[in-house]
file model_7.csv (CSV, C-alpha atoms)
chain,number,residue,atom,x,y,z
A,1,MET,CA,-2.7,38.4,84.7
A,2,MET,CA,-6.1,39.2,86.2
A,3,GLY,CA,-6.8,41.5,83.2
A,4,PHE,CA,-6.1,38.6,80.8
A,5,VAL,CA,-8.6,36.4,82.7
A,6,LEU,CA,-11.2,39.1,82.5
A,7,PHE,CA,-10.5,39.5,78.8
A,8,LEU,CA,-11.0,35.8,78.2
A,9,GLY,CA,-14.3,35.9,80.1
A,10,LEU,CA,-15.4,38.9,78.0
A,11,CYS,CA,-14.6,37.0,74.8
A,12,PHE,CA,-16.6,34.0,76.1
A,13,VAL,CA,-19.6,36.2,76.7
A,14,ILE,CA,-19.3,38.0,73.4
A,15,GLY,CA,-19.0,34.7,71.5
A,16,GLY,CA,-22.1,33.5,73.3
A,17,LEU,CA,-24.0,36.6,72.4
A,18,ALA,CA,-22.9,36.2,68.8
A,19,VAL,CA,-24.7,32.8,68.8
A,20,ALA,CA,-27.7,34.0,70.7
A,21,SER,CA,-28.4,37.0,68.5
A,22,ASN,CA,-30.0,35.7,65.4
A,23,PRO,CA,-27.5,35.9,62.5
A,24,SER,CA,-27.0,33.5,59.7
A,25,PRO,CA,-25.4,30.2,60.7
A,26,TYR,CA,-22.0,31.2,59.2
A,27,TYR,CA,-21.6,33.8,61.9
A,28,GLY,CA,-23.1,31.6,64.6
A,29,VAL,CA,-20.4,29.1,64.0
A,30,LEU,CA,-17.8,31.8,64.3
A,31,GLY,CA,-19.2,33.0,67.6
A,32,LEU,CA,-19.2,29.4,68.9
A,33,VAL,CA,-15.5,28.9,67.9
A,34,VAL,CA,-14.6,32.2,69.7
A,35,ALA,CA,-16.5,31.1,72.8
A,36,ALA,CA,-14.9,27.7,72.9
A,37,VAL,CA,-11.4,29.0,72.5
A,38,ALA,CA,-12.0,31.7,75.1
A,39,GLY,CA,-13.4,29.1,77.5
A,40,CYS,CA,-10.4,26.8,77.0
A,41,GLY,CA,-8.0,29.7,77.6
A,42,TRP,CA,-9.9,30.5,80.8
A,43,LEU,CA,-9.7,26.9,82.0
A,44,VAL,CA,-6.0,26.8,81.3
A,45,SER,CA,-5.5,30.0,83.3
A,46,LEU,CA,-7.2,28.4,86.2
A,47,GLY,CA,-4.9,25.4,86.0
A,48,VAL,CA,-7.2,22.6,84.9
A,49,SER,CA,-5.3,22.0,81.7
A,50,PHE,CA,-6.5,18.4,81.1
A,51,VAL,CA,-10.1,19.4,81.1
A,52,SER,CA,-9.3,22.3,78.7
A,53,LEU,CA,-7.5,19.9,76.3
A,54,VAL,CA,-10.5,17.5,76.4
A,55,LEU,CA,-12.7,20.4,75.4
A,56,VAL,CA,-10.5,21.5,72.6
A,57,MET,CA,-10.0,18.1,71.1
A,58,VAL,CA,-13.6,16.8,71.3
A,59,TYR,CA,-15.5,20.0,70.9
A,60,LEU,CA,-13.5,22.1,68.5
A,61,GLY,CA,-11.6,19.4,66.7
A,62,GLY,CA,-14.5,17.0,66.4
A,63,MET,CA,-17.9,18.6,66.6
A,64,LEU,CA,-17.3,22.1,65.2
A,65,VAL,CA,-15.6,20.7,62.1
A,66,VAL,CA,-18.7,18.6,61.4
A,67,PHE,CA,-20.9,21.7,62.1
A,68,VAL,CA,-18.9,23.8,59.7
A,69,TYR,CA,-19.3,21.3,56.9
A,70,SER,CA,-23.0,21.1,57.6
A,71,VAL,CA,-23.4,24.9,57.6
A,72,ALA,CA,-21.8,24.8,54.1
A,73,LEU,CA,-24.6,22.4,53.1
A,74,ALA,CA,-27.5,24.4,54.6
A,75,ALA,CA,-26.7,27.8,53.1
A,76,ASP,CA,-28.5,31.0,52.6
A,77,PRO,CA,-27.6,32.9,49.5
A,78,TYR,CA,-28.0,36.2,51.3
A,79,PRO,CA,-26.8,35.8,54.9
A,80,GLU,CA,-27.8,38.5,57.3
A,81,ALA,CA,-24.9,39.5,59.6
A,82,TRP,CA,-24.8,41.9,62.6
A,83,GLY,CA,-25.5,44.9,60.4
A,84,SER,CA,-29.2,44.3,60.1
A,85,TRP,CA,-31.6,45.7,62.7
A,86,GLY,CA,-33.2,42.4,63.8
A,87,VAL,CA,-29.9,40.9,64.7
A,88,ALA,CA,-28.6,44.0,66.5
A,89,GLY,CA,-31.9,44.1,68.4
A,90,TYR,CA,-31.5,40.5,69.6
A,91,GLY,CA,-27.9,41.1,70.5
A,92,PHE,CA,-28.7,44.2,72.5
A,93,GLY,CA,-31.5,42.5,74.3
A,94,MET,CA,-29.4,39.4,75.2
A,95,GLY,CA,-26.6,41.7,76.3
A,96,LEU,CA,-29.0,43.4,78.7
A,97,VAL,CA,-30.0,40.1,80.1
A,98,VAL,CA,-26.3,39.1,80.7
A,99,VAL,CA,-25.6,42.4,82.4
A,100,VAL,CA,-28.6,41.9,84.7
A,101,GLY,CA,-27.4,38.5,85.5
A,102,LEU,CA,-24.0,39.8,86.4
A,103,VAL,CA,-25.5,42.5,88.7
A,104,VAL,CA,-27.7,40.0,90.4
A,105,GLY,CA,-24.7,37.6,90.9
A,106,GLY,CA,-22.7,40.3,92.4
A,107,VAL,CA,-25.4,41.4,94.8
A,108,LEU,CA,-25.9,37.9,96.1
A,109,GLU,CA,-22.2,37.6,96.6
A,110,LEU,CA,-21.6,34.4,94.7
A,111,LEU,CA,-18.1,35.3,93.5
A,112,VAL,CA,-15.7,32.5,94.1
A,113,ASP,CA,-12.1,33.2,95.2
A,114,GLU,CA,-9.4,32.4,92.8
A,115,GLY,CA,-7.7,29.3,93.7
A,116,THR,CA,-5.4,26.7,92.2
A,117,VAL,CA,-6.2,23.1,91.2
A,118,ASN,CA,-3.3,21.4,92.9
A,119,SER,CA,-4.8,19.1,95.4
A,120,GLY,CA,-4.5,19.8,99.0
A,121,GLY,CA,-0.9,18.8,99.6
A,122,LEU,CA,-1.3,15.1,100.2
A,123,LEU,CA,-1.4,13.7,96.7
A,124,SER,CA,1.3,13.8,94.1
A,125,VAL,CA,-1.2,14.0,91.2
A,126,ARG,CA,-3.1,17.1,90.1
A,127,SER,CA,-6.7,16.8,90.8
A,128,ASP,CA,-8.1,16.8,87.2
A,129,PHE,CA,-5.7,14.0,86.2
A,130,GLY,CA,-6.8,12.0,89.2
A,131,GLY,CA,-10.4,12.3,88.3
A,132,ALA,CA,-9.8,11.0,84.8
A,133,ALA,CA,-7.9,8.1,86.2
A,134,VAL,CA,-10.9,7.2,88.3
A,135,LEU,CA,-13.0,7.0,85.2
A,136,TYR,CA,-10.7,4.3,83.7
A,137,SER,CA,-10.1,2.2,86.9
A,138,GLU,CA,-13.2,2.2,89.1
A,139,GLY,CA,-15.7,3.7,86.7
A,140,ALA,CA,-15.1,1.1,84.0
A,141,GLY,CA,-18.8,0.4,83.7
A,142,LEU,CA,-19.5,4.1,82.9
A,143,LEU,CA,-16.8,3.9,80.2
A,144,LEU,CA,-18.5,0.9,78.7
A,145,ILE,CA,-21.9,2.5,78.8
A,146,GLY,CA,-20.4,5.6,77.1
A,147,GLY,CA,-18.9,3.5,74.4
A,148,TRP,CA,-22.1,1.6,73.8
A,149,GLY,CA,-24.0,4.9,73.5
A,150,LEU,CA,-21.6,6.1,70.9
A,151,LEU,CA,-22.0,2.9,68.9
A,152,LEU,CA,-25.8,3.2,69.2
A,153,THR,CA,-25.6,6.8,67.9
A,154,LEU,CA,-23.7,5.6,64.9
A,155,PHE,CA,-26.5,3.3,63.9
A,156,VAL,CA,-29.1,5.9,64.7
A,157,VAL,CA,-27.4,8.4,62.4
A,158,LEU,CA,-27.0,5.8,59.6
A,159,GLU,CA,-30.7,4.9,59.8
A,160,LEU,CA,-31.8,8.5,59.8
A,161,VAL,CA,-29.8,9.4,56.8
A,162,ARG,CA,-30.4,6.3,54.8
A,163,GLY,CA,-34.1,5.5,55.4
A,164,LEU,CA,-36.1,6.1,52.2
A,165,SER,CA,-39.7,6.9,52.8
A,166,ARG,CA,-39.7,5.5,56.3
A,167,GLY,CA,-40.7,7.6,59.3
A,168,ALA,CA,-42.2,11.0,59.5
A,169,ILE,CA,-39.4,13.1,58.1
A,170,ARG,CA,-38.7,11.1,55.1
A,171,ALA,CA,-42.3,11.0,54.0
A,172,VAL,CA,-41.3,11.6,50.3
B,173,PHE,CA,-14.8,36.9,88.9
B,174,PHE,CA,-16.3,33.4,88.6
B,175,CYS,CA,-20.0,33.7,88.6
B,176,ILE,CA,-21.5,30.3,88.3
B,177,GLU,CA,-25.0,31.7,88.0
B,178,ARG,CA,-24.0,33.7,85.1
B,179,PHE,CA,-23.5,30.5,83.1
B,180,CYS,CA,-26.8,29.2,84.1
B,181,LEU,CA,-28.4,32.4,83.0
B,182,PHE,CA,-26.5,32.2,79.8
B,183,GLY,CA,-27.9,28.7,79.2
B,184,SER,CA,-31.4,29.8,79.9
B,185,LEU,CA,-31.4,32.7,77.5
B,186,LEU,CA,-30.0,30.6,74.8
B,187,MET,CA,-32.7,28.0,75.5
B,188,HIS,CA,-35.2,30.7,74.9
B,189,LEU,CA,-33.8,31.3,71.5
B,190,ILE,CA,-34.1,27.8,70.3
B,191,CYS,CA,-37.8,28.3,70.0
B,192,LYS,CA,-37.7,31.5,67.9
B,193,THR,CA,-35.4,30.6,65.1
B,194,ALA,CA,-36.0,29.9,61.4
B,195,LEU,CA,-33.4,27.3,60.7
B,196,LEU,CA,-32.8,24.0,62.3
B,197,ILE,CA,-29.0,24.5,62.2
B,198,SER,CA,-29.2,27.7,64.2
B,199,ALA,CA,-31.1,25.8,66.9
B,200,LEU,CA,-28.4,23.2,66.9
B,201,LEU,CA,-25.7,25.8,67.3
B,202,ARG,CA,-27.5,27.4,70.3
B,203,LEU,CA,-27.9,23.9,71.9
B,204,GLU,CA,-24.1,23.5,71.5
B,205,SER,CA,-23.5,26.9,73.2
B,206,ILE,CA,-25.7,25.9,76.1
B,207,ILE,CA,-23.7,22.7,76.5
B,208,LEU,CA,-20.4,24.7,76.3
B,209,SER,CA,-21.5,27.1,79.1
B,210,MET,CA,-22.7,24.2,81.3
B,211,TYR,CA,-19.4,22.5,80.8
B,212,ILE,CA,-17.3,25.5,81.8
B,213,ALA,CA,-19.5,26.1,84.8
B,214,LEU,CA,-19.0,22.5,85.9
B,215,ALA,CA,-15.3,22.8,85.3
B,216,ILE,CA,-15.0,25.9,87.6
B,217,GLN,CA,-17.3,24.6,90.3
B,218,PRO,CA,-15.1,22.2,92.4
B,219,PHE,CA,-12.5,24.8,93.3
B,220,GLN,CA,-13.7,25.4,96.8
B,221,VAL,CA,-14.1,21.8,97.6
B,222,GLN,CA,-10.9,20.7,95.7
B,223,SER,CA,-12.6,17.4,94.7
B,224,SER,CA,-11.2,15.5,91.7
B,225,ALA,CA,-14.3,13.4,91.0
B,226,SER,CA,-16.0,15.8,88.7
B,227,THR,CA,-13.5,15.2,85.9
B,228,ILE,CA,-15.4,12.0,85.0
B,229,LEU,CA,-18.5,14.1,84.1
B,230,LEU,CA,-16.3,16.6,82.2
B,231,ILE,CA,-15.1,13.8,79.9
B,232,LEU,CA,-18.6,12.2,79.5
B,233,ILE,CA,-20.4,15.5,78.6
B,234,PRO,CA,-18.5,16.2,75.3
B,235,THR,CA,-19.0,12.5,74.4
B,236,PHE,CA,-22.8,12.6,74.7
B,237,SER,CA,-23.1,16.1,73.3
B,238,GLY,CA,-21.2,14.8,70.3
B,239,CYS,CA,-23.8,12.1,70.0
B,240,LYS,CA,-26.6,14.7,70.2
B,241,ALA,CA,-24.9,16.9,67.6
B,242,GLY,CA,-24.5,14.0,65.2
B,243,THR,CA,-28.1,13.0,65.5
B,244,GLY,CA,-29.2,16.6,65.0
B,245,LEU,CA,-27.2,16.9,61.9
B,246,ALA,CA,-28.6,13.6,60.6
B,247,LEU,CA,-32.1,15.2,61.1
B,248,LEU,CA,-30.9,18.2,59.2
B,249,VAL,CA,-29.7,16.1,56.3
B,250,ALA,CA,-33.0,14.2,56.3
B,251,SER,CA,-35.0,17.4,56.3
B,252,THR,CA,-32.9,18.8,53.5
B,253,ARG,CA,-33.5,15.7,51.4
B,254,THR,CA,-37.3,15.8,52.0
B,255,HIS,CA,-38.1,19.5,51.9
B,256,GLY,CA,-35.1,21.0,50.2
B,257,SER,CA,-34.2,23.2,53.1
B,258,ASP,CA,-34.1,23.1,56.9
B,259,HIS,CA,-36.6,25.8,57.7
B,260,LEU,CA,-38.5,24.8,60.8
B,261,HIS,CA,-41.9,25.6,59.4
B,262,ASN,CA,-41.4,22.6,57.1
B,263,LEU,CA,-41.7,20.2,60.0
B,264,ASN,CA,-45.4,20.6,60.3
B,265,LEU,CA,-46.9,17.1,60.3
B,266,LEU,CA,-48.6,17.7,63.6
B,267,GLN,CA,-51.6,19.8,62.6
B,268,CYS,CA,-54.1,20.6,65.3
call {"tool": "encode", "arguments": {"input": "model_7.csv", "output": "C-alpha cells"}}
result
Amino acid sequence: MMGFVLFLGLCFVIGGLAVASNPSPYYGVLGLVVAAVAGCGWLVSLGVSFVSLVLVMVYLGGMLVVFVYSVALAADPYPEAWGSWGVAGYGFGMGLVVVVGLVVGGVLELLVDEGTVNSGGLLSVRSDFGGAAVLYSEGAGLLLIGGWGLLLTLFVVLELVRGLSRGAIRAV
Amino acid sequence: FFCIERFCLFGSLLMHLICKTALLISALLRLESIILSMYIALAIQPFQVQSSASTILLILIPTFSGCKAGTGLALLVASTRTHGSDHLHNLNLLQC
C-alpha cells in the first residue's frame, strides 16, 4: 500500500516535470492530465475522497477539456517532443531542482506522519464533508461572492472575444 | 512521505518557466500546474490538526482557477485573431 502511494507521488512529479520542460502544448496537456489523475489518486489514498472528486470534476472534466480544445486551435505543424535536446535539458534541470528540494525537505524533517481523515472521534461526519457543509450554511456570503465572480468572468470572456478593434490586443 | 515544501518548490520552478516560453498556451498550462500543486499541498496540510475548515478553500480554488483559465483562453483567442498565432513576442505594444 505504501508502495502504491509512493508510485502516485512519483507520477505526480513526473507529470509536473512533463509540463515544466518545454515541449509542445500537446505533450504539456498530457503531462497535466497525468499529474491531475495521480494527485486525485493520492488524495483518495489519504481518505479525503470528497476533495478528490471536486478536483476531478472541476479540473479534469471542466478546465482540461477546454484546454484540449484550445490546444487544437493553437497548433504547431512540427511539435517538438521530449526527443529534442532543448526539452531534455529543461527536464533534466527541473528534475535536479526537485531532487534538491526533496533532500532539503528530508534534512529539515518536515515529513508528516500518515494519518487518516476521520475526525477525532466526536463527530459522526468525515472532516472533509463537514467543511463543505460549512460553506453552504455559514459561509453563504462566500458562496454568493464566488457565484458573482463566475458571472463576471463570463462577461469578461465574452467581451474579450467579441470586441472588434477595441483595447490593446484587438488593435486590428 | 508528504513534503509540503516540495509542492511549494514545484510551484516556484514552474513560475520561473512562465517567463521563458514561446507560446501563450504553454504559459497557461504551467499556471494550471502551479495551481494544481498548491491545491494538493492545501489538501494534505490539515492532517495534523484534523481541522475541517479548509475544505471551503479547496472548493473555491478550482472555481477561481477556472475563471482564470477561461480568461487566459479568451486572451489566446484574441491574440490568434489579431496576430495569427499566440507567440509571446507578438504582444509587444509596450516599446521602451
call {"tool": "closest_residue", "arguments": {"input": "model_7.csv", "among": "B:Ala246, B:Leu229, B:Ala213, B:Ala194", "to": "chain A", "atoms": "all atoms listed in the file"}}
result
B:Ala246
call {"tool": "closest_residue", "arguments": {"input": "model_7.csv", "among": "A:Met57, A:Ala38, A:Leu144, A:Val161", "to": "Leu247 of chain B", "atoms": "only C-alpha atoms"}}
result
A:Val161
call {"tool": "atom_distance", "arguments": {"input": "model_7.csv", "atom1": "atom CA of His255 of chain B", "atom2": "atom CA of Val71 of chain A"}}
result
16.7 Å
call {"tool": "residues_near_point", "arguments": {"input": "model_7.csv", "point": "(-9.7, 36.8, 81.9)", "cutoff": "12 Å", "atoms": "all atoms listed in the file", "output": "ChimeraX atom specification"}}
result
/A:1-13,38-46,114 /B:173-174
call {"tool": "write_last_selection", "arguments": {"input": "model_7.csv", "atoms": "C-alpha atoms", "output": "compact mmCIF listing (two decimals), in the coordinates of the input"}}
result
# COMPACT_ATOMS: atom_id res chain seq x y z
CA MET A 1 -2.70 38.40 84.70
CA MET A 2 -6.10 39.20 86.20
CA GLY A 3 -6.80 41.50 83.20
CA PHE A 4 -6.10 38.60 80.80
CA VAL A 5 -8.60 36.40 82.70
CA LEU A 6 -11.20 39.10 82.50
CA PHE A 7 -10.50 39.50 78.80
CA LEU A 8 -11.00 35.80 78.20
CA GLY A 9 -14.30 35.90 80.10
CA LEU A 10 -15.40 38.90 78.00
CA CYS A 11 -14.60 37.00 74.80
CA PHE A 12 -16.60 34.00 76.10
CA VAL A 13 -19.60 36.20 76.70
CA ALA A 38 -12.00 31.70 75.10
CA GLY A 39 -13.40 29.10 77.50
CA CYS A 40 -10.40 26.80 77.00
CA GLY A 41 -8.00 29.70 77.60
CA TRP A 42 -9.90 30.50 80.80
CA LEU A 43 -9.70 26.90 82.00
CA VAL A 44 -6.00 26.80 81.30
CA SER A 45 -5.50 30.00 83.30
CA LEU A 46 -7.20 28.40 86.20
CA GLU A 114 -9.40 32.40 92.80
CA PHE B 173 -14.80 36.90 88.90
CA PHE B 174 -16.30 33.40 88.60
call {"tool": "atom_distance", "arguments": {"input": "model_7.csv", "atom1": "atom CA of Leu73 of chain A", "atom2": "atom CA of Leu245 of chain B"}}
result
10.7 Å
call {"tool": "closest_residue", "arguments": {"input": "model_7.csv", "among": "A:Gly131, A:Ala88, A:Gly31, A:Val48", "to": "chain B", "atoms": "only C-alpha atoms"}}
result
A:Gly131
call {"tool": "atom_distance", "arguments": {"input": "model_7.csv", "atom1": "atom CA of Ile212 of chain B", "atom2": "atom CA of Val68 of chain A"}}
result
22.2 Å
